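Below: the structure, in structure tokens.
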Amino acid sequence: MAYDESIFSRSFSEYELKKLGCVALTICFITTFSFCIILRQPVLNFEVSVAFGLKMLIGSVKFDEPSRTLKPIYNLSNSRSEVLEMNGDIRIHGSSSTIFVASNLLVEDSHSNWTLQPYARKADVFVMQYIKKWSIKHHTVGIFPICHRNFSIPAIVFSTGGYAGNQFHDFTDLLIPLYLTSQPFNRTVLFLITDKRYSWISKYKEILNKLSDYEVVNIDKKSQVMCFPKLVFGLKSHKEFGINPSEFPYHSINDFRNFLRNTYSLEREAINDYYSSKRRLRMLIVSRNNTRFLKNEGEVGNMARGLGFEVVVREIEQNISLVARFVNSFDVIMGVHGAGLTNMVFLPDNAVVVEIVPFGLENLAEPYFRIPSKEMKLRYLEYKVSLNESSLLGKYADDSDVYKDPGGLQKKGFLRFRSVYLDNQDVNLDCGRFRDTLLQALEILKN
């Protein structure tokens with residue numbers, strides 16, 4: 001605000017002006033000191049106190065939301081992951097798994113410590129016992145470790161432990177959350193990885209290079225103290241194999257799919273791009289050799305060929321760059337419920353996903369693949385395996401809960417449920433019954 005000095009000076013004598021100035025300065029100091037007592041914050045020095053008092057007098061400090069601009073820690077956690085955004089003087093000592101956060105004047109709870117794990121599946125008690133625990137120390141005063149390396153860019157701390165290596169969890173627990181967390185930084189961010197798996201880093205190096213301009217750091221091996229102006233601990237996760245576009249940073253799963261298309265230079269954005277009535281529709285049958293094996297996949301493949309599909313039966317390999325381009329060339333992906341169906345993320349829009357759901361796994365099909373496929377602009381078909389098509393038939397008594405109440409068995413504990421329905425079940429499809437599903441896929445694609 002500007003004042004007319006000539007009018008103001010004519011209203012008082014020089015002596016009165018000096019006296020008024022001293023009174024105003026005293027009021028500022030007393031007011032500031034009073035607020036510091038109320039807020040239980042120390043008066044750091046006279047200049048800061050007077051400046052703060054003047055701001056209060058002219059109305060530039062608002063106490064209805066004091067932490068909006070000065071709060072050093074924001075808790076962004078949800079039911080899936082623990083996430084803290086830290087600002088200001090952040091010091092991280094990797095070998096002791098400790099992060100130090102300096103407080104400021106307007107933090108009420110200035111002496112807080114947390115023990116957290118940076119992996120986006122916090123409700124899974126089984127897997128979280130294998131994730132390194134980190135100590136986060138937040139203090140107003142105290143002696144902090146000296147910075148050995150100072151950075152002017154932000155950093156993100158996350159774990160590549162847990163279920164990393166399983167492709168579904170690679171995307172659900174790591175890649176999609178990392179995409180969401182790092183996007184606001186526009187590649188100007190450093191990835192600090194704990195529980196580092198070198199094979200995981202190598203497998204997804206193209207994605208990591210697109211999200212950050214810097215080499216990843218194995219933070220567990222760093223004995224020096226690294227200092228940052230901003231650090232995000234943990235990864236933002238919305239749901240299984242998906243993104244909620246109404247939540248910050250307001251991206252969708254299709255934004256992520258476009259990101260993958262650019263990362264791996266995928267040619268087909270939609271099946272319409274290359275559709276021709278003379279071209280045979282291509283179907284990929286994802287083969288499994290361990291659990292949930294499709295015993296008659298050869299017979300199923302031949303039946304699909306007889307209906308007009310060009311069929312490839314193959315187990316998904318580890319080179320994700322090759323896999324992305326390979327899967328992008330198909331119009332249909334089909335397979336028994338499992339991580340291999342995660343590769344539908346590379347399909348062109350309007351392609352078809354056919355999930356063969358083993359007996360007892362109906363509750364897993366919806367959140368893992370049915371809902372995500374629809375959000376990815378894919379068409380989803382589900383074939384529920386009957387007990388007569390399952391290898392579980394005859395393994396248990398006729399009145400066993402394994403047959404009568406799979407959902408009830410799941411509620412008693414996932415490990416037991418998994419050992420029965422996921423780890424010890426193969427399927428042998430009734431081709432006469434399954435044929436209708438293939439005809440439905442064919443009809444969807446042609447229309």
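Convention: chains lettered A, B, ... in structure tokens order; per-chain residue numbering from 1; ligands numbered from 1 as shown.
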Practice problem: Name all residues at most 9 Å from stretch 386-400 of chain A (count only C-alpha atoms; drop same-chain ones fewer than 6 positions away) and give them as a VMD selection string. | Solution: chain A and resid 358 to 360 420 to 421 424 to 430
Got time to write the residues from that selection, N, CA, C and O atoms, as a PDB file, in the first residue's frame?
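Result file is out.pdb:
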```pdb
ATOM      1  N   PRO A 358      -9.906 -69.228 -13.559  1.00  0.00           N
ATOM      2  CA  PRO A 358      -9.975 -70.544 -12.922  1.00  0.00           C
ATOM      3  C   PRO A 358     -11.038 -70.603 -11.831  1.00  0.00           C
ATOM      4  O   PRO A 358     -11.453 -69.570 -11.289  1.00  0.00           O
ATOM      5  N   PHE A 359     -11.448 -71.786 -11.510  1.00  0.00           N
ATOM      6  CA  PHE A 359     -12.475 -71.991 -10.496  1.00  0.00           C
ATOM      7  C   PHE A 359     -12.062 -71.332  -9.174  1.00  0.00           C
ATOM      8  O   PHE A 359     -10.941 -71.501  -8.701  1.00  0.00           O
ATOM      9  N   GLY A 360     -12.977 -70.550  -8.607  1.00  0.00           N
ATOM     10  CA  GLY A 360     -12.737 -69.917  -7.312  1.00  0.00           C
ATOM     11  C   GLY A 360     -12.070 -68.561  -7.349  1.00  0.00           C
ATOM     12  O   GLY A 360     -11.912 -67.917  -6.315  1.00  0.00           O
ATOM     13  N   VAL A 420      -4.378 -73.044  -2.720  1.00  0.00           N
ATOM     14  CA  VAL A 420      -5.369 -73.922  -3.336  1.00  0.00           C
ATOM     15  C   VAL A 420      -5.693 -73.499  -4.760  1.00  0.00           C
ATOM     16  O   VAL A 420      -5.551 -74.281  -5.715  1.00  0.00           O
ATOM     17  N   TYR A 421      -6.123 -72.259  -4.930  1.00  0.00           N
ATOM     18  CA  TYR A 421      -6.701 -71.834  -6.211  1.00  0.00           C
ATOM     19  C   TYR A 421      -5.691 -71.252  -7.197  1.00  0.00           C
ATOM     20  O   TYR A 421      -5.896 -71.321  -8.412  1.00  0.00           O
ATOM     21  N   ASN A 424      -2.056 -74.344  -7.164  1.00  0.00           N
ATOM     22  CA  ASN A 424      -2.240 -75.783  -7.395  1.00  0.00           C
ATOM     23  C   ASN A 424      -3.484 -76.073  -8.236  1.00  0.00           C
ATOM     24  O   ASN A 424      -4.218 -77.016  -7.960  1.00  0.00           O
ATOM     25  N   GLN A 425      -3.686 -75.262  -9.245  1.00  0.00           N
ATOM     26  CA  GLN A 425      -4.832 -75.486 -10.119  1.00  0.00           C
ATOM     27  C   GLN A 425      -4.443 -75.281 -11.585  1.00  0.00           C
ATOM     28  O   GLN A 425      -3.858 -74.256 -11.936  1.00  0.00           O
ATOM     29  N   ASP A 426      -4.743 -76.245 -12.416  1.00  0.00           N
ATOM     30  CA  ASP A 426      -4.618 -76.134 -13.870  1.00  0.00           C
ATOM     31  C   ASP A 426      -6.014 -76.247 -14.479  1.00  0.00           C
ATOM     32  O   ASP A 426      -6.973 -76.620 -13.792  1.00  0.00           O
ATOM     33  N   VAL A 427      -6.126 -75.894 -15.755  1.00  0.00           N
ATOM     34  CA  VAL A 427      -7.444 -75.934 -16.392  1.00  0.00           C
ATOM     35  C   VAL A 427      -7.370 -76.683 -17.724  1.00  0.00           C
ATOM     36  O   VAL A 427      -6.354 -76.661 -18.420  1.00  0.00           O
ATOM     37  N   ASN A 428      -8.468 -77.336 -18.045  1.00  0.00           N
ATOM     38  CA  ASN A 428      -8.613 -78.052 -19.312  1.00  0.00           C
ATOM     39  C   ASN A 428      -9.970 -77.649 -19.880  1.00  0.00           C
ATOM     40  O   ASN A 428     -11.010 -78.156 -19.448  1.00  0.00           O
ATOM     41  N   LEU A 429      -9.964 -76.695 -20.817  1.00  0.00           N
ATOM     42  CA  LEU A 429     -11.209 -76.079 -21.268  1.00  0.00           C
ATOM     43  C   LEU A 429     -12.103 -77.034 -22.048  1.00  0.00           C
ATOM     44  O   LEU A 429     -11.617 -77.882 -22.817  1.00  0.00           O
ATOM     45  N   ASP A 430     -13.384 -76.870 -21.866  1.00  0.00           N
ATOM     46  CA  ASP A 430     -14.400 -77.508 -22.692  1.00  0.00           C
ATOM     47  C   ASP A 430     -14.491 -76.683 -23.979  1.00  0.00           C
ATOM     48  O   ASP A 430     -15.087 -75.607 -23.990  1.00  0.00           O
TER      49      ASP A 430
END
```
Quiz prompt | DSSP helix (DSSP H, G or I) selection over stretch 165-232 of chain A, as number ranges by chain | solution = A: 167-185, 198-203, 205-211, 219-221
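The protein and nucleic acid residues lying at most 9 Å from A:Val217 are Leu190, Phe191, Leu192, Ile193, Thr194, Tyr214, Asp220, Lys221 and Lys222 of chain A, with only C-alpha atoms considered and sequence neighbours fewer than 3 positions away removed.
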Just C-alpha atoms for this one: save the residues we selected as an mmCIF file, in the first residue's frame.
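And here is the file that came out, again-v1.cif:
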```cif
data_model
loop_
_atom_site.group_PDB
_atom_site.id
_atom_site.type_symbol
_atom_site.label_atom_id
_atom_site.label_comp_id
_atom_site.auth_asym_id
_atom_site.auth_seq_id
_atom_site.Cartn_x
_atom_site.Cartn_y
_atom_site.Cartn_z
ATOM 1 C CA LEU A 190 16.427 -38.135 -8.782
ATOM 2 C CA PHE A 191 15.276 -41.681 -7.972
ATOM 3 C CA LEU A 192 16.689 -43.039 -4.698
ATOM 4 C CA ILE A 193 16.014 -46.781 -4.633
ATOM 5 C CA THR A 194 16.012 -48.946 -1.528
ATOM 6 C CA TYR A 214 19.357 -38.847 -13.947
ATOM 7 C CA ASP A 220 21.105 -48.207 0.782
ATOM 8 C CA LYS A 221 24.792 -48.126 -0.160
ATOM 9 C CA LYS A 222 25.299 -44.396 0.473
#
```
Quiz item: When distances are computed from only C-alpha atoms, which of A:Arg149, A:Tyr163, A:Ala441, A:Val232 shows the smallest separation from A:Met86?
Solution: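 Comparing A:Arg149, A:Tyr163, A:Ala441, A:Val232 against A:Met86, the winner is A:Val232.
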Quiz item: Between atom CA of A:Thr437 and atom CA of A:Ala304, what is the spacing in Å?
Solution: 10.3 Å
Quiz prompt | Residue contacts of A:Asp89 (7 Å, only C-alpha atoms) excluding same-chain residues fewer than 4 positions away, as a PyMOL selection string | solution = chain A and resi 101-102+228-229
Would you mind exporting the chosen residues as a PDB file, in the first residue's frame, restricted to C-alpha atoms?
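Output contents, as saved in part.pdb:
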```
ATOM      1  CA  VAL A 101      13.719 -32.916   8.144  1.00  0.00           C
ATOM      2  CA  ALA A 102      14.275 -29.445   9.614  1.00  0.00           C
ATOM      3  CA  PHE A 228      17.723 -31.988  -1.041  1.00  0.00           C
ATOM      4  CA  PRO A 229      15.276 -29.068  -1.130  1.00  0.00           C
TER       5      PRO A 229
END
```
Exercise. Would you mind reading off the distance between atom CA of A:Thr160 and atom CA of A:Glu355, one decimal, in Å?
Key: 28.0 Å
